[in-house]
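Chemist: What follows is model_17.cif, mmCIF, C-alpha atoms.
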```cif
data_data
loop_
_atom_site.label_atom_id
_atom_site.label_comp_id
_atom_site.auth_asym_id
_atom_site.auth_seq_id
_atom_site.Cartn_x
_atom_site.Cartn_y
_atom_site.Cartn_z
CA MET S 271 13.46 -16.26 2.19
CA PRO S 272 13.92 -12.63 3.39
CA VAL S 273 10.79 -11.07 4.84
CA GLY S 274 9.37 -7.59 4.48
CA LEU S 275 8.55 -5.47 7.51
CA TYR S 276 5.58 -3.13 7.67
CA ILE S 277 5.49 -0.68 10.58
CA SER S 278 2.34 1.37 11.10
CA ILE S 279 2.54 4.93 12.45
CA PRO S 280 -1.12 5.97 12.87
CA PHE S 281 -0.53 9.65 13.71
CA CYS S 282 -1.56 12.53 11.41
CA GLN S 283 -1.45 16.32 11.57
CA THR S 284 -4.98 16.33 10.17
CA LYS S 285 -7.36 13.54 9.13
CA CYS S 286 -8.06 13.79 5.39
CA SER S 287 -11.73 13.51 4.52
CA TYR S 288 -11.20 10.58 2.09
CA CYS S 289 -8.99 8.52 4.41
CA ASN S 290 -10.29 5.10 5.49
CA PHE S 291 -7.11 3.91 7.20
CA ALA S 292 -6.73 3.31 10.94
CA SER S 293 -5.07 6.66 11.58
CA GLY S 294 -5.99 9.99 13.12
CA VAL S 295 -5.00 13.05 15.10
CA PHE S 296 -3.79 12.14 18.61
CA SER S 297 -2.02 13.89 21.46
CA ARG S 298 1.75 14.07 20.96
CA SER S 299 2.06 12.66 24.48
CA LEU S 300 1.09 9.27 23.03
CA TYR S 301 3.92 9.17 20.48
CA SER S 302 6.63 7.92 22.83
CA GLN S 303 4.26 5.39 24.41
CA TYR S 304 3.41 4.05 20.97
CA VAL S 305 7.03 3.83 19.82
CA ASP S 306 7.99 2.05 23.06
CA ARG S 307 5.23 -0.47 22.38
CA LEU S 308 6.47 -0.95 18.79
CA VAL S 309 10.01 -1.56 20.03
CA GLU S 310 8.68 -4.15 22.47
CA GLU S 311 6.74 -5.90 19.69
CA LEU S 312 9.79 -5.92 17.40
CA ARG S 313 11.87 -7.60 20.11
CA ARG S 314 9.14 -10.19 20.70
CA ALA S 315 8.80 -10.98 16.99
CA PRO S 316 10.23 -14.55 17.20
CA LYS S 317 7.81 -15.45 20.00
CA THR S 318 4.91 -13.80 18.16
CA ALA S 319 5.65 -15.81 15.02
CA GLU S 320 5.81 -19.03 17.05
CA ARG S 321 2.56 -18.23 18.87
CA MET S 322 0.79 -17.55 15.56
CA GLY S 323 2.13 -20.74 14.01
CA GLY S 324 4.43 -18.98 11.55
CA ARG S 325 8.03 -19.51 10.55
CA PHE S 326 10.35 -16.75 11.78
CA ASP S 327 13.12 -15.45 9.51
CA ARG S 328 15.47 -12.72 10.75
CA GLU S 329 16.64 -11.64 7.30
CA VAL S 330 14.83 -8.55 5.98
CA ASP S 331 15.20 -7.00 2.52
CA ALA S 332 12.31 -4.48 2.58
CA ILE S 333 11.03 -2.16 5.31
CA TYR S 334 8.00 0.10 4.95
CA LEU S 335 6.90 2.74 7.47
CA GLY S 336 3.34 3.73 6.63
CA GLY S 337 0.52 5.51 8.30
CA GLY S 338 -0.61 8.01 9.08
CA THR S 339 2.43 10.19 8.73
CA PRO S 340 5.62 8.58 10.09
CA THR S 341 7.53 11.86 9.69
CA ILE S 342 5.30 13.41 12.34
CA LEU S 343 7.38 11.57 14.95
CA PRO S 344 10.29 13.42 16.58
CA PRO S 345 13.65 12.49 15.01
CA GLU S 346 14.91 10.72 18.12
CA GLN S 347 11.86 8.44 18.16
CA LEU S 348 12.26 7.52 14.49
CA GLU S 349 15.93 6.74 15.07
CA GLY S 350 15.08 4.63 18.11
CA LEU S 351 12.56 2.68 16.05
CA PHE S 352 15.05 1.93 13.29
CA ARG S 353 17.65 0.97 15.88
CA ALA S 354 15.21 -1.57 17.32
CA VAL S 355 14.53 -2.97 13.83
CA ARG S 356 18.23 -3.60 13.28
CA GLU S 357 18.63 -5.14 16.73
CA SER S 358 15.75 -7.56 16.13
CA PHE S 359 16.28 -8.35 12.44
CA ALA S 360 19.19 -8.76 10.03
CA VAL S 361 18.65 -6.04 7.42
CA THR S 362 20.34 -7.03 4.16
CA ALA S 363 22.76 -4.79 2.31
CA GLY S 364 20.80 -2.95 -0.35
CA ALA S 365 17.48 -3.35 1.43
CA GLU S 366 14.64 -1.13 0.24
CA ILE S 367 13.66 1.11 3.16
CA THR S 368 10.57 3.25 2.52
CA VAL S 369 9.00 5.95 4.66
CA GLU S 370 5.68 7.58 3.84
CA CYS S 371 5.79 11.36 4.16
CA ALA S 372 3.20 14.10 3.96
CA PRO S 373 4.55 16.87 1.74
CA GLY S 374 5.75 19.73 3.89
CA THR S 375 6.93 17.56 6.78
CA LEU S 376 10.45 17.11 5.40
CA ASP S 377 12.26 19.93 7.18
CA PRO S 378 16.10 19.74 7.24
CA PRO S 379 16.30 17.91 10.62
CA MET S 380 13.80 15.26 9.43
CA LEU S 381 15.60 14.84 6.12
CA GLN S 382 18.87 14.25 7.95
CA THR S 383 17.10 11.79 10.26
CA LEU S 384 15.90 9.74 7.30
CA LEU S 385 19.43 9.60 5.95
CA ARG S 386 20.84 8.50 9.31
CA CYS S 387 18.17 5.78 9.47
CA GLY S 388 19.26 4.42 6.10
CA VAL S 389 16.04 5.32 4.26
CA THR S 390 16.37 4.64 0.52
CA ARG S 391 12.85 5.44 -0.67
CA VAL S 392 10.21 8.03 0.19
CA SER S 393 6.51 7.88 -0.69
CA LEU S 394 4.84 11.30 -0.83
CA GLY S 395 1.11 11.44 -0.15
CA VAL S 396 0.43 14.10 -2.76
CA GLN S 397 -3.04 12.99 -4.01
CA SER S 398 -3.37 16.08 -6.24
CA MET S 399 -1.02 18.62 -7.80
CA VAL S 400 -3.91 21.12 -7.93
CA ASP S 401 -3.92 23.23 -4.78
CA THR S 402 -7.70 23.70 -4.53
CA GLU S 403 -8.31 19.94 -4.82
CA ALA S 404 -5.72 19.13 -2.17
CA ALA S 405 -7.15 21.73 0.21
CA ALA S 406 -10.72 20.47 -0.32
CA VAL S 407 -9.86 17.08 1.22
CA GLY S 408 -7.72 18.43 4.07
CA ARG S 409 -4.21 18.27 2.58
CA ARG S 410 -1.99 21.11 3.82
CA HIS S 411 0.55 21.17 1.02
CA THR S 412 0.68 22.99 -2.31
CA ARG S 413 2.16 21.92 -5.64
CA ALA S 414 5.18 24.14 -4.96
CA VAL S 415 5.82 22.36 -1.65
CA VAL S 416 5.64 18.96 -3.35
CA LEU S 417 8.12 19.92 -6.06
CA ASP S 418 10.45 21.45 -3.48
CA ASP S 419 10.34 18.25 -1.38
CA ILE S 420 11.20 16.17 -4.45
CA GLU S 421 14.17 18.39 -5.27
CA ARG S 422 15.49 18.39 -1.70
CA LEU S 423 15.15 14.59 -1.45
CA ARG S 424 17.19 14.21 -4.62
CA SER S 425 19.80 16.68 -3.42
CA ALA S 426 20.13 14.61 -0.24
CA GLY S 427 20.67 11.44 -2.28
CA ILE S 428 17.20 9.87 -2.01
CA GLU S 429 16.13 9.56 -5.63
CA ASN S 430 13.73 6.61 -5.28
CA ILE S 431 10.53 8.63 -4.78
CA ASN S 432 6.87 7.65 -5.13
CA VAL S 433 4.01 10.09 -5.64
CA ASP S 434 0.48 9.04 -4.65
CA LEU S 435 -2.42 10.42 -6.72
CA ILE S 436 -6.17 9.90 -6.25
CA ALA S 437 -8.62 9.92 -9.15
CA GLY S 438 -12.09 11.16 -8.23
CA LEU S 439 -11.39 13.86 -5.63
CA PRO S 440 -13.89 16.68 -5.13
CA HIS S 441 -13.70 19.40 -7.83
CA GLN S 442 -11.53 17.19 -10.05
CA THR S 443 -12.10 17.59 -13.78
CA GLU S 444 -10.53 16.10 -16.88
CA GLN S 445 -8.42 19.25 -17.19
CA SER S 446 -7.29 19.37 -13.55
CA TRP S 447 -6.50 15.64 -13.55
CA GLY S 448 -4.34 16.28 -16.60
CA VAL S 449 -2.44 18.91 -14.61
CA SER S 450 -1.70 16.42 -11.82
CA LEU S 451 -0.49 13.84 -14.33
CA SER S 452 1.63 16.31 -16.28
CA GLU S 453 3.28 17.75 -13.18
CA THR S 454 3.99 14.28 -11.81
CA ILE S 455 5.51 13.02 -15.07
CA THR S 456 7.57 16.18 -15.54
CA SER S 457 8.93 15.85 -11.99
CA GLY S 458 10.70 12.68 -13.13
CA VAL S 459 9.83 10.65 -10.04
CA PRO S 460 10.47 6.94 -10.73
CA HIS S 461 7.27 5.61 -9.15
CA VAL S 462 3.62 6.71 -9.15
CA SER S 463 0.62 5.15 -7.39
CA VAL S 464 -2.86 5.96 -8.72
CA TYR S 465 -5.89 5.07 -6.62
CA MET S 466 -9.54 5.60 -7.47
CA LEU S 467 -11.46 7.28 -4.66
CA GLU S 468 -13.02 4.66 -2.37
CA VAL S 469 -16.57 5.35 -1.33
CA ASP S 470 -17.34 3.48 1.90
CA GLU S 471 -18.44 4.12 5.46
CA ASP S 472 -14.88 4.15 6.78
CA SER S 473 -14.18 7.74 5.71
CA ARG S 474 -16.05 10.99 6.34
CA LEU S 475 -16.21 11.81 2.63
CA GLY S 476 -17.39 8.29 1.80
CA ARG S 477 -20.17 8.43 4.39
CA GLU S 478 -21.29 11.82 3.13
CA LEU S 479 -21.38 10.59 -0.46
CA MET S 480 -23.42 7.55 0.54
CA ALA S 481 -25.84 9.83 2.38
CA GLY S 482 -26.13 12.21 -0.59
CA GLY S 483 -24.91 15.15 1.49
CA THR S 484 -22.78 18.20 0.76
CA ARG S 485 -20.22 18.25 3.57
CA TYR S 486 -16.54 17.78 2.70
CA HIS S 487 -17.34 18.96 -0.86
CA ALA S 488 -19.09 15.63 -1.48
CA HIS S 489 -21.42 17.17 -4.09
CA PHE S 490 -18.35 18.05 -6.18
CA VAL S 491 -17.06 14.47 -6.40
CA PRO S 492 -16.94 13.21 -10.02
CA ASP S 493 -19.24 10.30 -10.84
CA GLU S 494 -17.96 6.73 -11.16
CA ASP S 495 -17.69 6.90 -14.95
CA ALA S 496 -15.59 10.05 -14.83
CA THR S 497 -13.33 8.56 -12.15
CA ALA S 498 -12.84 5.44 -14.26
CA ASP S 499 -11.99 7.65 -17.24
CA PHE S 500 -9.41 9.48 -15.13
CA TYR S 501 -7.81 6.18 -14.20
CA VAL S 502 -7.64 5.03 -17.83
CA GLU S 503 -6.14 8.37 -18.82
CA ALA S 504 -3.52 8.00 -16.09
CA CYS S 505 -2.55 4.59 -17.45
CA ARG S 506 -2.17 6.06 -20.94
CA ARG S 507 -0.33 9.24 -19.94
CA LEU S 508 2.06 7.59 -17.52
CA GLU S 509 2.96 4.87 -20.04
CA ALA S 510 3.65 7.54 -22.67
CA GLY S 511 5.80 9.35 -20.12
CA GLY S 512 7.98 6.31 -19.45
CA VAL S 513 6.26 5.28 -16.20
CA SER S 514 4.88 1.84 -17.01
CA GLN S 515 2.06 0.10 -15.17
CA TYR S 516 3.11 -3.10 -13.39
CA GLU S 517 0.17 -3.45 -10.98
CA ILE S 518 -3.41 -2.17 -10.94
CA SER S 519 -2.51 0.96 -8.96
CA ASN S 520 1.25 1.17 -9.46
CA PHE S 521 3.50 2.52 -12.19
CA ALA S 522 7.28 2.69 -12.36
CA ARG S 523 10.24 3.61 -14.48
CA ALA S 524 12.82 0.91 -15.16
CA ASP S 525 13.94 -0.98 -12.03
CA ALA S 526 11.79 1.13 -9.69
CA ASP S 527 9.01 -1.34 -8.80
CA SER S 528 8.15 -1.32 -5.09
CA ARG S 529 9.96 -4.32 -3.63
CA HIS S 530 7.89 -4.22 -0.46
CA ASN S 531 4.48 -4.20 -2.14
CA LEU S 532 5.54 -6.91 -4.56
CA LYS S 533 5.77 -9.17 -1.52
CA TYR S 534 2.02 -8.75 -0.99
CA TRP S 535 1.10 -9.61 -4.56
CA THR S 536 3.53 -12.51 -4.98
CA ARG S 537 2.74 -13.95 -1.53
CA GLU S 538 6.21 -13.58 -0.09
CA PRO S 539 6.32 -13.38 3.74
CA TYR S 540 5.95 -10.07 5.54
CA PHE S 541 5.67 -9.13 9.20
CA GLY S 542 3.56 -6.18 10.36
CA PHE S 543 3.86 -4.16 13.56
CA GLY S 544 1.58 -1.47 14.96
CA VAL S 545 -2.06 -0.46 14.69
CA ASP S 546 -3.97 -2.48 12.07
CA ALA S 547 -0.74 -3.99 10.71
CA HIS S 548 -1.13 -7.28 8.83
CA SER S 549 1.31 -10.17 8.52
CA MET S 550 1.69 -13.28 6.41
CA LEU S 551 4.30 -15.89 7.32
CA ARG S 552 4.92 -19.37 6.03
CA ALA S 553 3.34 -21.95 8.34
CA ALA S 554 5.73 -23.58 10.78
CA ASP S 555 4.21 -27.02 10.18
CA GLY S 556 2.58 -28.75 7.25
CA GLN S 557 -1.01 -28.43 8.44
CA PHE S 558 -1.48 -25.08 6.69
CA GLU S 559 0.25 -23.35 3.78
CA ALA S 560 0.69 -20.03 5.61
CA VAL S 561 -0.69 -18.00 8.48
CA ARG S 562 -2.08 -14.48 8.39
CA PHE S 563 -2.55 -12.35 11.49
CA SER S 564 -3.37 -8.73 12.22
CA ALA S 565 -2.98 -6.27 15.07
CA PRO S 566 -5.90 -4.37 16.66
CA ASP S 567 -7.27 -1.62 14.41
CA SER S 568 -7.43 1.01 17.16
CA LEU S 569 -4.67 2.83 19.01
CA GLU S 570 -6.30 1.99 22.34
CA GLY S 571 -6.46 -1.70 21.48
CA PHE S 572 -2.84 -1.85 20.38
CA LEU S 573 -1.49 0.02 23.41
CA SER S 574 -3.51 -2.16 25.79
CA GLY S 575 -2.08 -5.35 24.27
CA ALA S 576 -5.30 -6.66 22.75
CA PRO S 577 -4.73 -10.05 21.09
CA LEU S 578 -3.79 -10.52 17.46
CA ASN S 579 -6.38 -11.86 15.04
CA GLN S 580 -5.09 -15.12 13.52
CA MET S 581 -6.21 -16.70 10.24
CA PRO S 582 -4.48 -19.90 9.07
CA VAL S 583 -4.28 -20.18 5.28
CA SER S 584 -5.23 -23.57 3.84
CA ARG S 585 -3.91 -24.82 0.50
CA GLN S 586 -7.28 -23.98 -1.08
CA SER S 587 -7.13 -20.44 0.28
CA ALA S 588 -3.51 -20.12 -0.85
CA LYS S 589 -4.53 -21.06 -4.39
CA GLU S 590 -7.30 -18.46 -4.35
CA GLU S 591 -4.84 -15.83 -3.09
CA THR S 592 -2.43 -16.76 -5.87
CA PHE S 593 -5.08 -15.74 -8.38
CA PHE S 594 -6.60 -12.62 -6.86
CA LEU S 595 -3.25 -11.20 -5.73
CA GLY S 596 -1.25 -12.30 -8.76
CA LEU S 597 -3.83 -10.92 -11.18
CA ARG S 598 -3.21 -7.46 -9.74
CA LEU S 599 0.13 -7.57 -11.54
CA ASN S 600 0.29 -6.76 -15.24
CA GLN S 601 2.38 -9.88 -15.77
CA GLY S 602 -0.57 -11.91 -14.46
CA VAL S 603 -0.53 -15.49 -13.22
CA ASP S 604 1.47 -18.41 -14.59
CA LEU S 605 -0.97 -21.32 -14.84
CA ASP S 606 1.83 -23.88 -15.09
CA GLU S 607 3.16 -22.73 -11.72
CA VAL S 608 -0.33 -22.86 -10.21
CA ALA S 609 -0.85 -26.38 -11.56
CA LEU S 610 2.51 -27.47 -10.16
CA GLY S 611 1.87 -25.97 -6.74
CA PHE S 612 -1.84 -26.55 -6.27
CA GLY S 613 -3.35 -28.27 -9.29
CA LEU S 614 -5.98 -26.96 -11.72
CA ASP S 615 -9.48 -28.43 -11.76
CA SER S 616 -12.20 -28.20 -14.40
CA ASP S 617 -14.21 -25.64 -12.39
CA LEU S 618 -11.23 -23.28 -12.32
CA GLU S 619 -10.59 -23.76 -16.03
CA GLU S 620 -14.25 -22.89 -16.67
CA ILE S 621 -13.99 -19.68 -14.61
CA ILE S 622 -10.90 -18.64 -16.56
CA ALA S 623 -12.51 -19.41 -19.90
CA GLN S 624 -15.63 -17.39 -19.01
CA LEU S 625 -13.63 -14.37 -17.80
CA CYS S 626 -11.61 -14.43 -21.02
CA ALA S 627 -14.83 -14.71 -23.09
CA ASP S 628 -16.22 -11.69 -21.21
CA GLU S 629 -12.97 -9.81 -21.99
CA PHE S 630 -12.09 -9.29 -18.34
CA MET S 631 -8.95 -11.38 -18.83
CA GLU S 632 -6.74 -12.53 -21.66
CA ARG S 633 -4.74 -15.70 -21.96
CA LEU S 634 -1.27 -15.58 -23.47
CA GLY S 635 0.21 -19.07 -23.60
CA ASN S 636 0.41 -20.32 -20.03
CA ARG S 637 -0.36 -16.90 -18.51
CA ILE S 638 -3.59 -15.09 -17.75
CA ARG S 639 -3.82 -11.40 -16.99
CA LEU S 640 -6.46 -8.70 -16.61
CA THR S 641 -7.50 -6.57 -19.56
CA GLU S 642 -8.11 -2.83 -19.18
CA ARG S 643 -11.77 -3.63 -18.58
CA GLY S 644 -10.78 -6.26 -16.03
CA ARG S 645 -8.64 -3.81 -14.08
CA LEU S 646 -11.58 -1.42 -13.82
CA MET S 647 -13.77 -4.29 -12.54
CA SER S 648 -11.04 -6.10 -10.63
CA ASN S 649 -12.99 -6.78 -7.43
CA GLU S 650 -15.74 -8.49 -9.42
CA VAL S 651 -13.12 -10.58 -11.24
CA PHE S 652 -11.36 -11.56 -8.00
CA GLU S 653 -14.60 -12.70 -6.40
CA ARG S 654 -14.89 -15.40 -9.05
CA PHE S 655 -11.79 -17.08 -7.60
CA LEU S 656 -12.96 -16.96 -3.98
CA ALA S 657 -14.56 -19.93 -2.32
CA GLU S 658 -13.90 -19.59 1.39
CA SER S 659 -11.16 -17.03 2.03
CA GLU S 660 -11.28 -13.29 2.27
CA MET S 661 -8.94 -10.83 0.62
CA PRO S 662 -6.31 -9.45 3.02
CA ALA S 663 -6.37 -5.78 3.84
CA ARG S 664 -3.86 -3.47 2.20
CA ASP S 665 -1.22 -2.31 4.63
CA GLY S 666 0.12 0.77 2.94
CA GLY S 667 0.78 2.84 0.02
CA ALA S 668 3.39 2.09 -2.41
#
```
What's the C-alpha cells form of this structure?
Modeler:
Amino acid sequence: MPVGLYISIPFCQTKCSYCNFASGVFSRSLYSQYVDRLVEELRRAPKTAERMGGRFDREVDAIYLGGGTPTILPPEQLEGLFRAVRESFAVTAGAEITVECAPGTLDPPMLQTLLRCGVTRVSLGVQSMVDTEAAAVGRRHTRAVVLDDIERLRSAGIENINVDLIAGLPHQTEQSWGVSLSETITSGVPHVSVYMLEVDEDSRLGRELMAGGTRYHAHFVPDEDATADFYVEACRRLEAGGVSQYEISNFARADADSRHNLKYWTREPYFGFGVDAHSMLRAADGQFEAVRFSAPDSLEGFLSGAPLNQMPVSRQSAKEETFFLGLRLNQGVDLDEVALGFGLDSDLEEIIAQLCADEFMERLGNRIRLTERGRLMSNEVFERFLAESEMPARDGGA
C-alpha cells in the first residue's frame, strides 16, 4: 500500500498568537542545517522503519509539507528537499503533493520553485478574510493578498487550493465570520478547512485566555457558544456553496478531498520527518497491528538526533483508533468491517446504543456516524471508545 509522507518545516516569519504547533521564529542560519538533517533522515527511512518495527514501503502517493511556513525556505533548499524525497521514495504518477503557504510568501521565484518541485496542491493559512482579525493574531496578510495568491496559483496551473479558517478569533462576530465565509466561497477554492479556536497552554493566546488576561486581544475572543455557532454556520454556508463537509474540519468540492489527511482518518500508513512529525506504519511482524512513532518536538532535539518516541499499536488500540478516527469522517464507520477485522463485543454495542440515544451519533444500516451535535462534542464522544490508547497528534493542516 502506498504511504503518505509528512515533512515538517518549523520555521515562521512570525509566531501567531493562537498557534500551538511546534514551530517558531528562528535564525535563517539554521535553515540549511535543518534541511540537511531532513535529507539525512529521508535517506535513512528504511533503517528507521526497521528499527521502529514497521514495514517499509517505497511507493508514495501523497506528500505534505507543513509547518510552520515551508515557503520561508530559500528555493534551492526546497528543491534539494524534494530531490531527496524522490531519491529515497518512488513517488507515483499523479501523487498529491501539498505545500502549506502563508499568504504573501508566494513571490514569482517561489511559485516557479513549487512548479519545478511538482507541487499539485497548496494550503493557504488564511484564518480570516477580515484584515483586522488577521492582524490581531499576528497574520501579516490582507484579504487582497489572499485573493491575489489564489489567482496567481491558478494562473500557474495549481488549482487544487485549500483555505484554512479559524472560528473564534479575537474580534470575530457573526457578521465578520460571514464575510470570511462569503469571500472564501466566492473565491471558488475547492477545499476549505474550518477549525474552532483551541484554548490550551500551548499557545500565547490560549494561556492568556485561561488566565483571564487581556494580552493578544484575549478579552475580544468570542465565547464557546458563539464559536460553536460560527462552526455550525460554516457547515451550512459551505454546503450551500457547493463545498461539502467530509470530515469534522474539512470541506471540499467534488473530487477535492485531501488524499494525505484521509490517510490519517482511515489508518493508512504515513511516514513523518522533521520536528514533531508523527508516523504510523504497519507492523513488520504479527505481534502488533501497527507502530506509531514521533520525532522530538523541539528544533534543538531534532537537530541533536534525540531518539524517536515509539508506541506499538495493539489490536485493541487499533480497534479504538478505527472508531475515533473513522468517526471524524461524515461517512462514519462501517460496523461490518470492524466486526470482520476486530470483532464487536456487547460493551461496544452498548456504547454505540447509548451515544445514538443521546443523539451524538446516528446509525444507518451497518454504519454509524456523528450527528451535528456529536461533531461539536467530538472529543467527548471519542473518549467513550478509548480504553488504553491515546489519540495521535495531528500533523498538519489540510
Chemist: For the atom pair CA of Thr362 (chain S) and CA of Arg328 (chain S), what is the interatomic distance in Å to one decimal place?
Modeler: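 Separating CA of Thr362 (chain S) from CA of Arg328 (chain S) is a distance of 10.0 Å.
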Chemist: Quick check, in Å to one decimal: how far apart do CA of Arg645 (chain S) and CA of Gly448 (chain S) lie?
Modeler: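 Separation between CA of Arg645 (chain S) and CA of Gly448 (chain S): 20.7 Å.
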Chemist: Around (-1.3, -12.5, -2.9) in the file's own coordinates, what residues are found within 8 Å if you use all atoms listed in the file, given back as a VMD selection string?
Modeler: chain S and resid 533 to 537 591 to 596
Chemist: Can you tell me, as an MDAnalysis selection string, what residues are no more than 6 Å from Ser473 (chain S) when counting all atoms listed in the file, ignoring any on the same chain fewer than 4 positions away?
Modeler: chainID S and resid 288:290
Chemist: On this structure, the PyMOL selection byres ((chain S and resi 548) around 10) would catch which residues? List them as a ChimeraX atom specification, sorted by chain and number.
Modeler: /S:275-278,540-547,549-550,562-566,578-580,662-665
Chemist: Separation of CA of Gly274 (chain S) and CA of Thr339 (chain S), in Å?
Modeler: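 Separating CA of Gly274 (chain S) from CA of Thr339 (chain S) is a distance of 19.6 Å.
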Chemist: Could you check which of S:Gly458, S:Pro539, S:Gly374, S:Pro492 is closest to Gly512 (chain S), using all atoms listed in the file?
Modeler: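 Looking at the shortest contact to Gly512 (chain S), the residue is S:Gly458.
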Chemist: Smallest atom-to-atom distance to Asp327 (chain S): which of S:Phe359, S:Phe652, S:Gly438, S:Ser452, using all atoms listed in the file?
Modeler: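 That would be S:Phe359, the residue with the smallest distance to Asp327 (chain S).
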Chemist: Evaluate the PyMOL selection byres ((chain S and resi 511) around 10) here and jot the selected residues down as a PyMOL selection string.
Modeler: chain S and resi 451-452+454-456+458+505-510+512-514+523
Chemist: Quick check on the file I pasted: which residues fall under the PyMOL selection byres ((chain S and resi 306-313) around 12)? Write them as an NGL selection string.
Modeler: :S and (275-280 or 300-305 or 314-319 or 328 or 335 or 347-359 or 541-545 or 547 or 565 or 569-575 or 578)
Chemist: To test the calculation: enclose all listed atoms of region 384-397 of chain S in a box whose edges run along x, y and z, add 5 Å on each side, then state centre and edge lengths in Å to one decimal, as AutoDock Vina command-line options.
Modeler:
```
--center_x 8.9 --center_y 9.3 --center_z 2.7 --size_x 33.9 --size_y 19.7 --size_z 23.5
```
Chemist: With a distance cut-off of 8 Å and all atoms listed in the file, select the neighbouring residues of region 617-627 of chain S, excluding the residue or stretch itself and same-chain residues fewer than 4 positions from it, and output the selection as a list in words.
Modeler: Met631, Glu632, Arg633, Val651, Arg654 and Phe655 of chain S
Chemist: Restricting the calculation to all atoms listed in the file: of S:Ser584, S:Gly635, S:Ser287, S:Cys282, which residue gets closest to Asp472 (chain S)?
Modeler: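 Smallest separation from Asp472 (chain S) among the options: S:Ser287.
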Chemist: Contacts of Arg474 (chain S) at 12 Å or less, counting only C-alpha atoms, minus same-chain residues fewer than 4 places along, as a ChimeraX atom specification?
Modeler: /S:285-291,407-408,468-470,478-481,483-488
Chemist: Report as number ranges by chain all protein, DNA and RNA residues lying within 10 Å of Glu642 (chain S), evaluated on all atoms listed in the file, omitting residues in the same chain fewer than 3 positions from it.
Modeler: S: 502, 505, 518, 629-631, 639, 645-648
Chemist: Can you list, as a PyMOL selection string, every protein, DNA or RNA residue that comes within 8 Å of Ala560 (chain S) when you count all atoms listed in the file, leaving out same-chain residues fewer than 6 positions away?
Modeler: chain S and resi 324+550-553+582-584+588
Chemist: Using all atoms listed in the file, which of S:Arg391, S:His530, S:His411, S:Arg643 sits nearest Ala498 (chain S)?
Modeler: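 Of S:Arg391, S:His530, S:His411, S:Arg643, the one nearest Ala498 (chain S) is S:Arg643, counting all atoms listed in the file.
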Chemist: Nearest to Asp331 (chain S): which of S:Leu610, S:Leu532, S:Ala406, S:Ala524 is it, counting only C-alpha atoms?
Modeler: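 So, comparing all the options, the nearest one is S:Leu532.
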Chemist: Around (-1.0, -25.1, -5.8) in the file's own coordinates, what residues are found within 12 Å if you use only C-alpha atoms, given back as a list in words?
Modeler: Glu559, Ser584, Arg585, Gln586, Ser587, Ala588, Lys589, Glu590, Glu591, Thr592, Phe593, Asp604, Leu605, Asp606, Glu607, Val608, Ala609, Leu610, Gly611, Phe612, Gly613, Leu614 and Asp615 of chain S
Chemist: Those same residues, written as a compact mmCIF listing (two decimals), keeping the file's coordinate frame with C-alpha atoms?
Modeler:
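Saved file out.txt follows:
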```txt
# COMPACT_ATOMS: atom_id res chain seq x y z
CA GLU S 559 0.25 -23.35 3.78
CA SER S 584 -5.23 -23.57 3.84
CA ARG S 585 -3.91 -24.82 0.50
CA GLN S 586 -7.28 -23.98 -1.08
CA SER S 587 -7.13 -20.44 0.28
CA ALA S 588 -3.51 -20.12 -0.85
CA LYS S 589 -4.53 -21.06 -4.39
CA GLU S 590 -7.30 -18.46 -4.35
CA GLU S 591 -4.84 -15.83 -3.09
CA THR S 592 -2.43 -16.76 -5.87
CA PHE S 593 -5.08 -15.74 -8.38
CA ASP S 604 1.47 -18.41 -14.59
CA LEU S 605 -0.97 -21.32 -14.84
CA ASP S 606 1.83 -23.88 -15.09
CA GLU S 607 3.16 -22.73 -11.72
CA VAL S 608 -0.33 -22.86 -10.21
CA ALA S 609 -0.85 -26.38 -11.56
CA LEU S 610 2.51 -27.47 -10.16
CA GLY S 611 1.87 -25.97 -6.74
CA PHE S 612 -1.84 -26.55 -6.27
CA GLY S 613 -3.35 -28.27 -9.29
CA LEU S 614 -5.98 -26.96 -11.72
CA ASP S 615 -9.48 -28.43 -11.76
```
